Amino acid sequence: MPTLIRTARTTGILYLGLAIAGALGFLLIRPRLFAADDPSATLANLVQHQSLARAGVAFELLIVVTQALAAVWFHRLFRAADARAASAIAAFGLINAVVILVSAALLATALDIALDPVGDAAATVQVLYLASGNLWGVGGLFFGLWLIPMGTCVLRSNWMPRPLGYLLVGGGIGYLLSAFIGYLAPGAQAVADALVLPATVGEFWMIGYLLTRGVRGHALDQTPPDQQPEATPQTIGSAAD
């Protein structure tokens, strides 16, 4: 298998892992533990569902791992097409991984306080969960930012469908706007949610394309030798003839 195709497939697996970890940790587990208007209920949930709370921390750590590795592999994939944009993908992705890492630490601290109370445990746990949620909110800036150079790489390389590139760039801009709207106009949450829909479609399209196709065939002719198909004894023998 050509090196570039293998890199694309690995990137797709990492990106899929990021999507799954995020869905399970943030969208499924967190709402079962965090009661936005009831600190006592949040504390009780953590005490009664310790395993679920620990799983929530573990999934956030998995998000950090897959986000960081996906950022690095996207750089490896696109560096030959646009080195500057590929570096931007890596930089923004790694920053977002650090943001989620801090969120995971806050969730772990909340669980520790719930199991070994200090002071007003309910209030402290609630504040930690609120801080974690706001880290996700502000971290959306960098998740949006990493989609813009990703879409740029798709457009400049022509290794993938151009509509995918435009969708990723537009989705990244939507993510940025959504983060600001979430804080400037809390009552317009429906608008903020709608702005991230193009990004969601673009991300799953990217994941599917990386896993099933990798890159278009002509990309192999445009990449440097270190990303070309690996030599085999048969090809070496043919070259010798």
# chains A, B, ... in the order shown; residues from 1 in each chain; ligands from 1
call {"tool": "closest_atom_pairs", "arguments": {"of": "stretch 122-159 of chain A", "to": "stretch 33-36 of chain A", "cutoff": "9 Å", "atoms": "only C-alpha atoms", "output": "Markdown table"}}
result
| residue | atom | partner | partner_atom | distance |
| --- | --- | --- | --- | --- |
| A:Gln126 | CA | A:Phe34 | CA | 7.9 |
| A:Tyr129 | CA | A:Phe34 | CA | 7.2 |
| A:Leu130 | CA | A:Ala36 | CA | 8.2 |
call {"tool": "closest_atom_pairs", "arguments": {"of": "stretch 129-222 of chain A", "to": "stretch 11-18 of chain A", "cutoff": "10 Å", "atoms": "only C-alpha atoms", "output": "CSV"}}
result
residue,atom,partner,partner_atom,distance
A:Glu203,CA,A:Tyr15,CA,8.5
A:Phe204,CA,A:Leu16,CA,8.2
A:Met206,CA,A:Gly12,CA,7.7
A:Ile207,CA,A:Gly12,CA,5.0
A:Gly208,CA,A:Gly12,CA,7.4
A:Tyr209,CA,A:Gly12,CA,7.9
A:Leu210,CA,A:Gly12,CA,4.9
A:Leu211,CA,A:Gly12,CA,5.3
A:Thr212,CA,A:Gly12,CA,9.0
A:Gly214,CA,A:Gly12,CA,8.2
call {"tool": "write_last_selection", "arguments": {"atoms": "N, CA and C atoms", "output": "PDB file, in the first residue's frame"}}
result
ATOM      1  N   GLU A 203     -16.755  16.996   8.767  1.00  0.00           N
ATOM      2  CA  GLU A 203     -15.863  16.096   9.508  1.00  0.00           C
ATOM      3  C   GLU A 203     -16.159  14.629   9.201  1.00  0.00           C
ATOM      4  N   PHE A 204     -17.432  14.259   9.202  1.00  0.00           N
ATOM      5  CA  PHE A 204     -17.760  12.859   8.934  1.00  0.00           C
ATOM      6  C   PHE A 204     -17.511  12.510   7.469  1.00  0.00           C
ATOM      7  N   MET A 206     -15.018  13.815   5.776  1.00  0.00           N
ATOM      8  CA  MET A 206     -13.573  13.654   5.772  1.00  0.00           C
ATOM      9  C   MET A 206     -13.176  12.288   6.330  1.00  0.00           C
ATOM     10  N   ILE A 207     -13.773  11.911   7.453  1.00  0.00           N
ATOM     11  CA  ILE A 207     -13.467  10.613   8.052  1.00  0.00           C
ATOM     12  C   ILE A 207     -13.779   9.490   7.073  1.00  0.00           C
ATOM     13  N   GLY A 208     -14.970   9.541   6.482  1.00  0.00           N
ATOM     14  CA  GLY A 208     -15.363   8.500   5.539  1.00  0.00           C
ATOM     15  C   GLY A 208     -14.447   8.437   4.334  1.00  0.00           C
ATOM     16  N   TYR A 209     -14.056   9.606   3.817  1.00  0.00           N
ATOM     17  CA  TYR A 209     -13.190   9.635   2.630  1.00  0.00           C
ATOM     18  C   TYR A 209     -11.804   9.087   2.962  1.00  0.00           C
ATOM     19  N   LEU A 210     -11.266   9.474   4.114  1.00  0.00           N
ATOM     20  CA  LEU A 210      -9.951   8.990   4.507  1.00  0.00           C
ATOM     21  C   LEU A 210      -9.942   7.477   4.678  1.00  0.00           C
ATOM     22  N   LEU A 211     -11.009   6.930   5.250  1.00  0.00           N
ATOM     23  CA  LEU A 211     -11.053   5.496   5.519  1.00  0.00           C
ATOM     24  C   LEU A 211     -11.321   4.674   4.269  1.00  0.00           C
ATOM     25  N   THR A 212     -12.134   5.199   3.352  1.00  0.00           N
ATOM     26  CA  THR A 212     -12.537   4.404   2.191  1.00  0.00           C
ATOM     27  C   THR A 212     -11.683   4.657   0.959  1.00  0.00           C
ATOM     28  N   GLY A 214      -8.935   7.370   0.950  1.00  0.00           N
ATOM     29  CA  GLY A 214      -7.621   7.905   1.297  1.00  0.00           C
ATOM     30  C   GLY A 214      -7.385   9.223   0.600  1.00  0.00           C
TER      31      GLY A 214
END
call {"tool": "residues_around", "arguments": {"residues": "A:Phe78", "least_positions_apart": "6", "cutoff": "10 Å", "atoms": "only C-alpha atoms", "output": "number ranges by chain"}}
result
A: 4, 7-8, 84-87, 89, 150, 153-154, 156-157, 159, 223
call {"tool": "residues_around", "arguments": {"residues": "stretch 37-40 of chain A", "least_positions_apart": "5", "cutoff": "8 Å", "atoms": "only C-alpha atoms", "output": "PyMOL selection string"}}
result
chain A and resi 122-123+125-126
call {"tool": "write_last_selection", "arguments": {"atoms": "N, CA, C and O atoms", "output": "mmCIF file, in the first residue's frame"}}
result
data_model
loop_
_atom_site.group_PDB
_atom_site.id
_atom_site.type_symbol
_atom_site.label_atom_id
_atom_site.label_comp_id
_atom_site.auth_asym_id
_atom_site.auth_seq_id
_atom_site.Cartn_x
_atom_site.Cartn_y
_atom_site.Cartn_z
ATOM 1 N N ALA A 122 -20.511 20.094 47.312
ATOM 2 C CA ALA A 122 -21.463 20.244 46.207
ATOM 3 C C ALA A 122 -21.136 21.480 45.375
ATOM 4 O O ALA A 122 -21.129 21.431 44.139
ATOM 5 N N ALA A 123 -20.868 22.592 46.046
ATOM 6 C CA ALA A 123 -20.548 23.834 45.327
ATOM 7 C C ALA A 123 -19.237 23.698 44.563
ATOM 8 O O ALA A 123 -19.128 24.141 43.407
ATOM 9 N N VAL A 125 -17.747 20.925 43.446
ATOM 10 C CA VAL A 125 -17.914 20.008 42.313
ATOM 11 C C VAL A 125 -18.635 20.705 41.158
ATOM 12 O O VAL A 125 -18.274 20.561 39.989
ATOM 13 N N GLN A 126 -19.659 21.482 41.501
ATOM 14 C CA GLN A 126 -20.424 22.185 40.479
ATOM 15 C C GLN A 126 -19.547 23.192 39.728
ATOM 16 O O GLN A 126 -19.610 23.301 38.486
#
call {"tool": "atom_distance", "arguments": {"atom1": "atom CA of A:Pro186", "atom2": "atom CA of A:Leu28"}}
result
22.3 Å
call {"tool": "select_by_dssp", "arguments": {"residues": "stretch 15-218 of chain A", "states": "alpha helix (DSSP H)", "output": "ChimeraX atom specification"}}
result
/A:15-22,30-33,39-48,50-78,83-115,121-157,162-184,189-195,197-212
call {"tool": "atom_distance", "arguments": {"atom1": "atom CA of A:Thr10", "atom2": "atom CA of A:Val65"}}
result
13.9 Å
